[in-house]
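Structure data (PDB, C-alpha atoms) from coords-v2.pdb:
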```
ATOM      1  CA  MET A  14     114.683 121.836 126.197
ATOM      2  CA  LYS A  15     113.518 120.325 123.007
ATOM      3  CA  ARG A  16     110.835 117.913 121.864
ATOM      4  CA  ILE A  17     111.652 114.227 122.269
ATOM      5  CA  SER A  18     111.900 112.215 119.079
ATOM      6  CA  LYS A  19     108.813 110.054 118.533
ATOM      7  CA  ALA A  20     111.066 107.527 116.782
ATOM      8  CA  LEU A  21     113.131 106.591 119.833
ATOM      9  CA  TYR A  22     114.437 103.088 119.365
ATOM     10  CA  PHE A  23     113.485 102.032 122.856
ATOM     11  CA  GLY A  24     110.228 103.978 123.163
ATOM     12  CA  VAL A  25     110.931 106.711 125.661
ATOM     13  CA  LYS A  26     107.313 107.779 125.124
ATOM     14  CA  CYS A  27     105.740 109.088 128.310
ATOM     15  CA  ALA A  28     109.082 109.205 130.097
ATOM     16  CA  VAL A  29     110.641 111.774 127.820
ATOM     17  CA  ALA A  30     107.495 113.273 126.436
ATOM     18  CA  ALA A  31     106.825 114.888 129.796
ATOM     19  CA  SER A  32     108.339 118.198 130.809
ATOM     20  CA  PHE A  33     111.160 118.463 133.310
ATOM     21  CA  VAL A  34     113.343 121.258 134.479
ATOM     22  CA  VAL A  35     117.040 121.864 134.736
ATOM     23  CA  VAL A  36     118.602 123.641 137.624
ATOM     24  CA  GLY A  37     122.115 124.725 138.319
ATOM     25  CA  ALA A  38     125.683 123.574 138.456
ATOM     26  CA  HIS A  39     127.765 122.418 141.364
ATOM     27  CA  ALA A  40     130.013 125.034 142.924
ATOM     28  CA  PHE A  41     133.152 123.912 141.142
ATOM     29  CA  ASP A  42     131.667 124.240 137.638
ATOM     30  CA  LYS A  43     128.972 126.850 137.993
ATOM     31  CA  ARG A  44     128.909 128.654 134.647
ATOM     32  CA  THR A  45     129.113 125.957 132.034
ATOM     33  CA  LYS A  46     125.699 124.851 130.841
ATOM     34  CA  VAL A  47     122.098 125.949 130.330
ATOM     35  CA  VAL A  48     118.473 125.009 129.489
ATOM     36  CA  TYR A  49     117.444 125.201 125.827
ATOM     37  CA  GLY A  50     113.797 125.692 124.889
ATOM     38  CA  LYS A  51     111.549 123.614 127.153
ATOM     39  CA  ASP A  52     113.283 122.004 130.121
ATOM     40  CA  ASP A  53     113.115 118.254 129.568
ATOM     41  CA  ARG A  54     114.594 116.615 132.646
ATOM     42  CA  LEU A  55     113.015 113.807 134.609
ATOM     43  CA  ASP A  56     113.955 112.085 137.832
ATOM     44  CA  VAL A  57     114.608 108.369 137.392
ATOM     45  CA  TYR A  58     111.501 107.402 139.401
ATOM     46  CA  GLN A  59     109.355 109.249 136.831
ATOM     47  CA  VAL A  60     110.578 106.961 134.043
ATOM     48  CA  SER A  61     109.019 103.545 133.382
ATOM     49  CA  ASP A  62     110.646 102.470 130.112
ATOM     50  CA  PRO A  63     113.021  99.542 130.897
ATOM     51  CA  ALA A  64     115.507 100.351 128.137
ATOM     52  CA  LEU A  65     115.823 103.972 129.238
ATOM     53  CA  LEU A  66     116.263 102.874 132.853
ATOM     54  CA  ALA A  67     119.033 100.532 131.694
ATOM     55  CA  LEU A  68     120.849 103.508 130.189
ATOM     56  CA  ALA A  69     120.547 105.413 133.450
ATOM     57  CA  ASP A  70     121.867 102.393 135.348
ATOM     58  CA  SER A  71     125.323 102.967 133.845
ATOM     59  CA  THR A  72     125.518 106.447 135.413
ATOM     60  CA  ALA A  73     127.614 107.276 138.480
ATOM     61  CA  ALA A  74     127.991 110.444 140.545
ATOM     62  CA  MET A  75     131.493 111.654 141.365
ATOM     63  CA  ILE A  76     131.424 112.514 145.076
ATOM     64  CA  PRO A  77     134.469 113.454 147.194
ATOM     65  CA  LYS A  78     135.460 110.724 149.646
ATOM     66  CA  SER A  79     135.443 113.359 152.378
ATOM     67  CA  ASN A  80     131.652 113.621 151.956
ATOM     68  CA  LEU A  81     131.066 109.890 152.426
ATOM     69  CA  THR A  82     130.930 108.154 155.815
ATOM     70  CA  LEU A  83     130.521 104.440 156.450
ATOM     71  CA  GLN A  84     127.861 103.765 159.056
ATOM     72  CA  THR A  85     129.203 100.579 160.632
ATOM     73  CA  ALA A  86     125.980  99.862 162.537
ATOM     74  CA  THR A  87     123.866  99.766 159.370
ATOM     75  CA  GLY A  88     126.476  98.914 156.741
ATOM     76  CA  VAL A  89     125.536 101.832 154.474
ATOM     77  CA  VAL A  90     127.418 104.938 153.422
ATOM     78  CA  SER A  91     125.961 108.330 154.349
ATOM     79  CA  ILE A  92     126.296 111.125 151.789
ATOM     80  CA  GLN A  93     126.927 114.656 153.004
ATOM     81  CA  SER A  94     125.455 117.287 150.689
ATOM     82  CA  SER A  95     123.922 120.743 150.554
ATOM     83  CA  SER A  96     120.412 121.765 149.581
ATOM     84  CA  PHE A  97     120.458 122.767 145.915
ATOM     85  CA  GLY A  98     118.179 125.777 146.366
ATOM     86  CA  ALA A  99     119.986 127.162 149.394
ATOM     87  CA  ASP A 100     123.438 126.483 147.953
ATOM     88  CA  TYR A 101     122.742 128.509 144.825
ATOM     89  CA  GLY A 102     120.417 131.137 146.259
ATOM     90  CA  LEU A 103     117.696 129.989 143.876
ATOM     91  CA  CYS A 104     114.241 131.453 143.512
ATOM     92  CA  LYS A 105     111.765 129.287 145.425
ATOM     93  CA  ASP A 106     109.930 128.192 142.268
ATOM     94  CA  GLU A 107     113.042 126.735 140.624
ATOM     95  CA  PRO A 108     112.709 123.007 139.878
ATOM     96  CA  PHE A 109     114.465 120.587 142.254
ATOM     97  CA  PHE A 110     114.889 123.390 144.800
ATOM     98  CA  SER A 111     114.856 121.082 147.830
ATOM     99  CA  GLN A 112     116.912 118.227 146.377
ATOM    100  CA  PRO A 113     120.515 117.549 147.506
ATOM    101  CA  ASN A 114     123.450 118.359 145.237
ATOM    102  CA  GLY A 115     126.181 116.041 146.428
ATOM    103  CA  ALA A 116     127.876 115.234 143.117
ATOM    104  CA  MET A 117     130.805 117.149 141.629
ATOM    105  CA  CYS A 118     130.735 115.528 138.172
ATOM    106  CA  SER A 119     129.125 112.616 136.351
ATOM    107  CA  GLY A 120     130.529 109.440 134.832
ATOM    108  CA  PHE A 121     129.315 106.260 133.158
ATOM    109  CA  LEU A 122     130.410 102.646 133.118
ATOM    110  CA  VAL A 123     132.271 101.540 129.966
ATOM    111  CA  GLY A 124     133.910  98.316 131.195
ATOM    112  CA  PRO A 125     133.785  95.950 134.179
ATOM    113  CA  ASP A 126     135.992  98.306 136.233
ATOM    114  CA  LEU A 127     136.286 101.252 133.834
ATOM    115  CA  LEU A 128     134.382 104.518 133.862
ATOM    116  CA  ALA A 129     134.388 107.476 131.465
ATOM    117  CA  THR A 130     134.090 111.103 132.547
ATOM    118  CA  ALA A 131     135.300 114.572 131.545
ATOM    119  CA  GLY A 132     139.028 115.263 131.675
ATOM    120  CA  HIS A 133     138.554 118.405 133.763
ATOM    121  CA  CYS A 134     136.808 116.386 136.495
ATOM    122  CA  VAL A 135     139.975 114.538 137.538
ATOM    123  CA  SER A 136     143.701 115.143 137.758
ATOM    124  CA  ASP A 137     146.321 113.382 135.679
ATOM    125  CA  PHE A 138     148.255 112.576 138.815
ATOM    126  CA  ASP A 139     145.883 111.511 141.583
ATOM    127  CA  CYS A 140     142.200 110.637 141.674
ATOM    128  CA  SER A 141     142.271 108.893 145.048
ATOM    129  CA  SER A 142     140.222 111.625 146.750
ATOM    130  CA  GLN A 143     137.178 110.873 144.590
ATOM    131  CA  SER A 144     134.541 108.156 144.734
ATOM    132  CA  PHE A 145     131.991 107.181 142.115
ATOM    133  CA  VAL A 146     128.539 106.345 143.478
ATOM    134  CA  PHE A 147     125.924 104.441 141.485
ATOM    135  CA  ASN A 148     122.204 104.777 142.214
ATOM    136  CA  TYR A 149     122.564 108.384 143.386
ATOM    137  CA  LYS A 150     118.952 109.107 142.454
ATOM    138  CA  MET A 151     115.657 110.189 143.987
ATOM    139  CA  GLY A 152     113.642 107.270 145.352
ATOM    140  CA  GLY A 153     110.383 109.159 144.820
ATOM    141  CA  PRO A 154     108.928 112.625 145.563
ATOM    142  CA  GLY A 155     110.855 114.017 148.524
ATOM    143  CA  MET A 156     112.886 110.804 148.913
ATOM    144  CA  ASN A 157     116.423 112.208 148.804
ATOM    145  CA  PRO A 158     119.419 109.854 148.438
ATOM    146  CA  ALA A 159     121.034 110.442 151.844
ATOM    147  CA  VAL A 160     122.730 107.035 151.930
ATOM    148  CA  ALA A 161     124.212 104.546 149.477
ATOM    149  CA  SER A 162     124.880 100.838 149.625
ATOM    150  CA  VAL A 163     128.569 100.054 150.114
ATOM    151  CA  ASP A 164     128.252  97.930 146.964
ATOM    152  CA  ASP A 165     127.440 101.073 144.959
ATOM    153  CA  VAL A 166     130.467 103.089 146.146
ATOM    154  CA  TYR A 167     133.731 102.744 144.206
ATOM    155  CA  SER A 168     137.082 104.472 144.553
ATOM    156  CA  CYS A 169     139.085 105.894 141.673
ATOM    157  CA  LYS A 170     142.160 103.656 141.420
ATOM    158  CA  LYS A 171     143.930 105.431 138.575
ATOM    159  CA  VAL A 172     143.477 107.546 135.448
ATOM    160  CA  VAL A 173     144.032 105.267 132.453
ATOM    161  CA  ALA A 174     143.718 107.951 129.764
ATOM    162  CA  ARG A 175     143.058 111.684 129.910
ATOM    163  CA  GLU A 176     143.191 114.747 127.683
ATOM    164  CA  LEU A 177     142.235 118.320 128.450
ATOM    165  CA  THR A 178     142.744 120.755 125.600
ATOM    166  CA  ARG A 179     140.640 123.283 123.733
ATOM    167  CA  ASN A 180     139.084 120.526 121.613
ATOM    168  CA  GLN A 181     139.377 117.365 123.707
ATOM    169  CA  ASP A 182     138.126 116.845 127.248
ATOM    170  CA  TYR A 183     137.804 113.253 128.456
ATOM    171  CA  ALA A 184     139.145 110.752 130.970
ATOM    172  CA  LEU A 185     139.035 106.993 131.340
ATOM    173  CA  ILE A 186     139.104 105.904 134.988
ATOM    174  CA  GLN A 187     139.933 102.520 136.483
ATOM    175  CA  LEU A 188     137.895 101.812 139.606
ATOM    176  CA  ASP A 189     139.158  99.932 142.655
ATOM    177  CA  ARG A 190     137.190  96.792 141.737
ATOM    178  CA  PRO A 191     134.810  95.452 139.085
ATOM    179  CA  VAL A 192     131.322  96.981 139.269
ATOM    180  CA  VAL A 193     128.573  94.571 140.257
ATOM    181  CA  GLY A 194     124.899  94.914 139.339
ATOM    182  CA  HIS A 195     125.106  97.843 136.894
ATOM    183  CA  THR A 196     124.856  98.120 133.133
ATOM    184  CA  ILE A 197     127.914  98.778 130.984
ATOM    185  CA  ALA A 198     126.984 101.462 128.468
ATOM    186  CA  LYS A 199     127.209 100.516 124.801
ATOM    187  CA  LEU A 200     129.480 102.898 122.886
ATOM    188  CA  SER A 201     128.693 103.977 119.351
ATOM    189  CA  GLN A 202     131.130 103.075 116.584
ATOM    190  CA  THR A 203     129.513 105.729 114.388
ATOM    191  CA  PRO A 204     130.045 109.468 115.049
ATOM    192  CA  ALA A 205     127.036 111.640 115.788
ATOM    193  CA  LYS A 206     126.053 113.944 112.955
ATOM    194  CA  GLN A 207     124.115 117.181 112.632
ATOM    195  CA  GLY A 208     120.419 116.787 113.454
ATOM    196  CA  ASP A 209     120.776 113.520 115.384
ATOM    197  CA  SER A 210     118.445 113.230 118.391
ATOM    198  CA  LEU A 211     120.104 112.929 121.811
ATOM    199  CA  ILE A 212     119.404 111.976 125.426
ATOM    200  CA  LEU A 213     121.558 113.237 128.294
ATOM    201  CA  ILE A 214     121.800 111.320 131.588
ATOM    202  CA  GLY A 215     123.794 112.598 134.543
ATOM    203  CA  HIS A 216     123.925 114.866 137.564
ATOM    204  CA  PRO A 217     123.223 118.522 136.652
ATOM    205  CA  ALA A 218     124.349 120.869 139.432
ATOM    206  CA  GLY A 219     125.317 117.765 141.398
ATOM    207  CA  LEU A 220     121.681 116.688 141.711
ATOM    208  CA  PRO A 221     120.442 113.085 141.794
ATOM    209  CA  THR A 222     120.355 111.456 138.347
ATOM    210  CA  LYS A 223     118.310 113.296 135.730
ATOM    211  CA  ILE A 224     117.259 112.045 132.292
ATOM    212  CA  ALA A 225     116.848 114.763 129.652
ATOM    213  CA  GLY A 226     115.725 114.103 126.100
ATOM    214  CA  GLY A 227     114.618 116.377 123.284
ATOM    215  CA  ALA A 228     118.135 117.478 122.276
ATOM    216  CA  ASN A 229     119.881 117.473 118.897
ATOM    217  CA  VAL A 230     123.348 117.804 117.424
ATOM    218  CA  ARG A 231     123.800 121.352 116.126
ATOM    219  CA  LYS A 232     127.160 121.036 114.383
ATOM    220  CA  ASP A 233     130.402 119.088 114.372
ATOM    221  CA  GLU A 234     133.760 120.533 115.409
ATOM    222  CA  THR A 235     137.268 119.073 115.654
ATOM    223  CA  GLY A 236     137.142 116.468 118.418
ATOM    224  CA  TYR A 237     133.669 117.352 119.644
ATOM    225  CA  PHE A 238     130.176 118.318 118.547
ATOM    226  CA  VAL A 239     127.829 121.068 119.707
ATOM    227  CA  ALA A 240     124.329 120.198 120.947
ATOM    228  CA  ASN A 241     121.398 121.849 122.729
ATOM    229  CA  THR A 242     121.220 119.508 125.724
ATOM    230  CA  ASP A 243     119.674 120.824 128.941
ATOM    231  CA  SER A 244     122.787 120.593 131.062
ATOM    232  CA  TYR A 245     124.613 122.232 133.939
ATOM    233  CA  GLY A 246     127.887 122.028 135.789
ATOM    234  CA  GLY A 247     127.834 118.617 137.433
ATOM    235  CA  ASN A 248     126.685 117.219 134.080
ATOM    236  CA  SER A 249     130.351 117.302 133.079
ATOM    237  CA  GLY A 250     131.239 113.695 132.297
ATOM    238  CA  SER A 251     127.623 112.711 131.565
ATOM    239  CA  ALA A 252     126.904 110.213 128.815
ATOM    240  CA  VAL A 253     125.148 111.643 125.757
ATOM    241  CA  PHE A 254     123.160 108.870 124.098
ATOM    242  CA  SER A 255     121.738 108.542 120.614
ATOM    243  CA  ALA A 256     117.947 108.664 120.991
ATOM    244  CA  VAL A 257     117.678 106.194 118.107
ATOM    245  CA  THR A 258     120.187 103.462 119.039
ATOM    246  CA  GLY A 259     120.634 103.978 122.797
ATOM    247  CA  GLU A 260     124.426 104.023 122.317
ATOM    248  CA  VAL A 261     126.734 106.635 123.834
ATOM    249  CA  VAL A 262     127.908 109.115 121.199
ATOM    250  CA  GLY A 263     129.727 111.567 123.473
ATOM    251  CA  ILE A 264     130.642 113.049 126.843
ATOM    252  CA  LEU A 265     129.140 116.370 127.977
ATOM    253  CA  VAL A 266     132.024 118.722 128.851
ATOM    254  CA  ARG A 267     131.183 122.459 128.662
ATOM    255  CA  GLY A 268     128.671 125.038 127.472
ATOM    256  CA  GLU A 269     126.647 128.174 128.160
ATOM    257  CA  GLU A 270     126.268 130.011 131.473
ATOM    258  CA  ASP A 271     123.942 128.221 133.891
ATOM    259  CA  PHE A 272     122.186 130.986 135.822
ATOM    260  CA  LYS A 273     120.952 134.549 135.672
ATOM    261  CA  PHE A 274     120.231 136.780 138.652
ATOM    262  CA  ASP A 275     116.606 137.904 139.017
ATOM    263  CA  ASN A 276     116.855 141.525 140.144
ATOM    264  CA  VAL A 277     113.154 141.701 140.961
ATOM    265  CA  GLY A 278     113.059 138.578 143.087
ATOM    266  CA  GLN A 279     116.649 139.012 144.314
ATOM    267  CA  CYS A 280     117.360 135.347 143.628
ATOM    268  CA  THR A 281     118.958 133.133 140.980
ATOM    269  CA  ARG A 282     117.133 131.547 138.057
ATOM    270  CA  SER A 283     118.120 129.026 135.394
ATOM    271  CA  ASN A 284     119.332 130.523 132.144
ATOM    272  CA  TYR A 285     116.944 129.651 129.320
ATOM    273  CA  CYS A 286     117.823 129.867 125.617
ATOM    274  CA  ALA A 287     115.732 129.101 122.556
ATOM    275  CA  ASP A 288     116.657 125.764 120.990
ATOM    276  CA  GLY A 289     118.819 127.363 118.290
ATOM    277  CA  ASP A 290     120.230 130.230 120.352
ATOM    278  CA  CYS A 291     123.211 130.767 122.683
ATOM    279  CA  ARG A 292     126.550 129.019 122.221
ATOM    280  CA  GLY A 293     125.355 125.435 122.642
ATOM    281  CA  GLU A 294     126.836 122.615 124.740
ATOM    282  CA  ASP A 295     130.087 120.885 123.776
ATOM    283  CA  VAL A 296     130.220 117.085 123.700
ATOM    284  CA  THR A 297     133.486 115.156 123.262
ATOM    285  CA  HIS A 298     133.192 112.413 120.633
ATOM    286  CA  ILE A 299     133.079 108.970 122.246
ATOM    287  CA  ASP A 300     135.789 107.606 119.933
ATOM    288  CA  TYR A 301     138.413 108.993 122.333
ATOM    289  CA  ILE A 302     137.138 106.591 124.988
ATOM    290  CA  LEU A 303     137.015 103.778 122.429
ATOM    291  CA  LYS A 304     140.700 104.377 121.698
ATOM    292  CA  GLY A 305     141.511 104.484 125.404
ATOM    293  CA  LEU A 306     139.745 101.167 125.969
ATOM    294  CA  LYS A 307     141.985  99.506 123.371
ATOM    295  CA  THR A 308     145.042 100.332 125.480
ATOM    296  CA  VAL A 309     143.713  98.371 128.473
ATOM    297  CA  GLN A 310     142.187  95.387 126.712
TER
END
```

Target format structure tokens, applied to this file:
Amino acid sequence: MKRISKALYFGVKCAVAASFVVVGAHAFDKRTKVVYGKDDRLDVYQVSDPALLALADSTAAMIPKSNLTLQTATGVVSIQSSSFGADYGLCKDEPFFSQPNGAMCSGFLVGPDLLATAGHCVSDFDCSSQSFVFNYKMGGPGMNPAVASVDDVYSCKKVVARELTRNQDYALIQLDRPVVGHTIAKLSQTPAKQGDSLILIGHPAGLPTKIAGGANVRKDETGYFVANTDSYGGNSGSAVFSAVTGEVVGILVRGEEDFKFDNVGQCTRSNYCADGDCRGEDVTHIDYILKGLKTVQ
């Protein structure tokens, strides 16, 4: 990925200045995104800046209900998932090889019981098979999120607004109840423009929450903009924040191919592009969610 802006409003400093690596996409969206330049992702436990952690606190992982089981004896929900490295046939030196990849898509909180995601992550007709899980993150090195508090698990009640076309890809979801104990993301009233610095927070390849800075807007298109975020399938629906204001400027929806096969090692590796190369990653402008919110307020 790219270099992190030194002028970050909330001082990402050591959190984003460090290097981190992007891995793959979840099975349902395997060829959509890529790593640009230096891989900039960090696990949440590697970040100490309070404002950046507050941004990450709005993030939720979309996990099928069929992969969640309430443990009545302990009162927690167990999360069934695969090993990222084994699931994708990755080379052993790929970052996050041993982490779980339980998420299908990402989302972020935009109202007390409202969540934004990508339109292709949910159906127009029925979202009842999906849950959104907050705090799906690594607790530390090797501390995989195998369980979640029942208070962090929410069902998808209905799709309030959705569009899935060549240019637009977004959805506004109403959850089964108001979310308690998590930050509502602040949405930008000003569109992102070419050169703006960005931070992506979500679940690449279905992995526990990753924070990736050092990205920029490449160009604006009709309904979306193109950026060089380090992102993968599973990042679909992730919030893309302005690195200057900390406000959400868009929703990550599609992009370059995630992986390349290593013929020598007979394994799969992340696809790396120079910062200005490859097709770029498409990000739906956040104003579509702003318009959707007006219909429910």

Taking a cut-off of 6 Å and counting all atoms listed in the file, can you build a table that, for each residue of stretch 150-254 of chain A near stretch 57-70 of chain A, reports the nearest atom pair and how far apart they are in Å (one decimal), sorted by chain then residue number, as a tab-separated table?
```
residue	atom	partner	partner_atom	distance
A:Gly153	CA	A:Tyr58	CA	5.8
A:His195	CA	A:Asp70	CA	5.8
A:Thr196	CA	A:Asp70	CA	5.7
```

Checklist entry - Can you list, as an MDAnalysis selection string, every protein, DNA or RNA residue that comes within 10 Å of A:Arg175 when you count only C-alpha atoms, leaving out same-chain residues fewer than 2 positions away? => result chainID A and resid 129:133 135:137 172:173 177 181:186 301:302 305

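Counting all atoms listed in the file and comparing A:Cys286, A:Met151, A:Ile224, A:Cys280, the residue that lies closest to A:Cys104 is A:Cys280.
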
Item to check | Close residues, stretch 112-118 of chain A itself excluded, 7 Å, only C-alpha atoms, min 5 positions apart in chain, as a ChimeraX atom specification | outcome: /A:39,74-76,93-97,134,157,216,218-221,247-250

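Counting only C-alpha atoms, the residue from A:Gly102, A:Ile299, A:Ser168, A:Gly124 that sits nearest to A:Ser79 is A:Ser168.
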
Next on the checklist: I want to know what sits within 12 Å of A:Ser91, based on only C-alpha atoms, with residues of the same chain fewer than 3 positions away left out; could you give that as a list of chain:residue names?
Outcome noted: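 Counting only the stated atoms, we get A:Ile76, A:Lys78, A:Ser79, A:Asn80, A:Leu81, A:Thr82, A:Leu83, A:Gln84, A:Thr85, A:Ala86, A:Thr87, A:Gly88, A:Ser94, A:Gly115, A:Val146, A:Tyr149, A:Asn157, A:Pro158, A:Ala159, A:Val160, A:Ala161, A:Ser162, A:Val163, A:Asp165, A:Val166.
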
Checklist entry - For the atom pair atom CA of A:Asp106 and atom CA of A:Glu270, what is the interatomic distance in Å to one decimal place? => result 19.7 Å

Next on the checklist: For a quick check of understanding, using all atoms listed in the file, which of A:Lys199, A:Ala252, A:Phe110, A:Tyr285 has the smallest distance to A:Gly155?
Outcome noted: A:Phe110
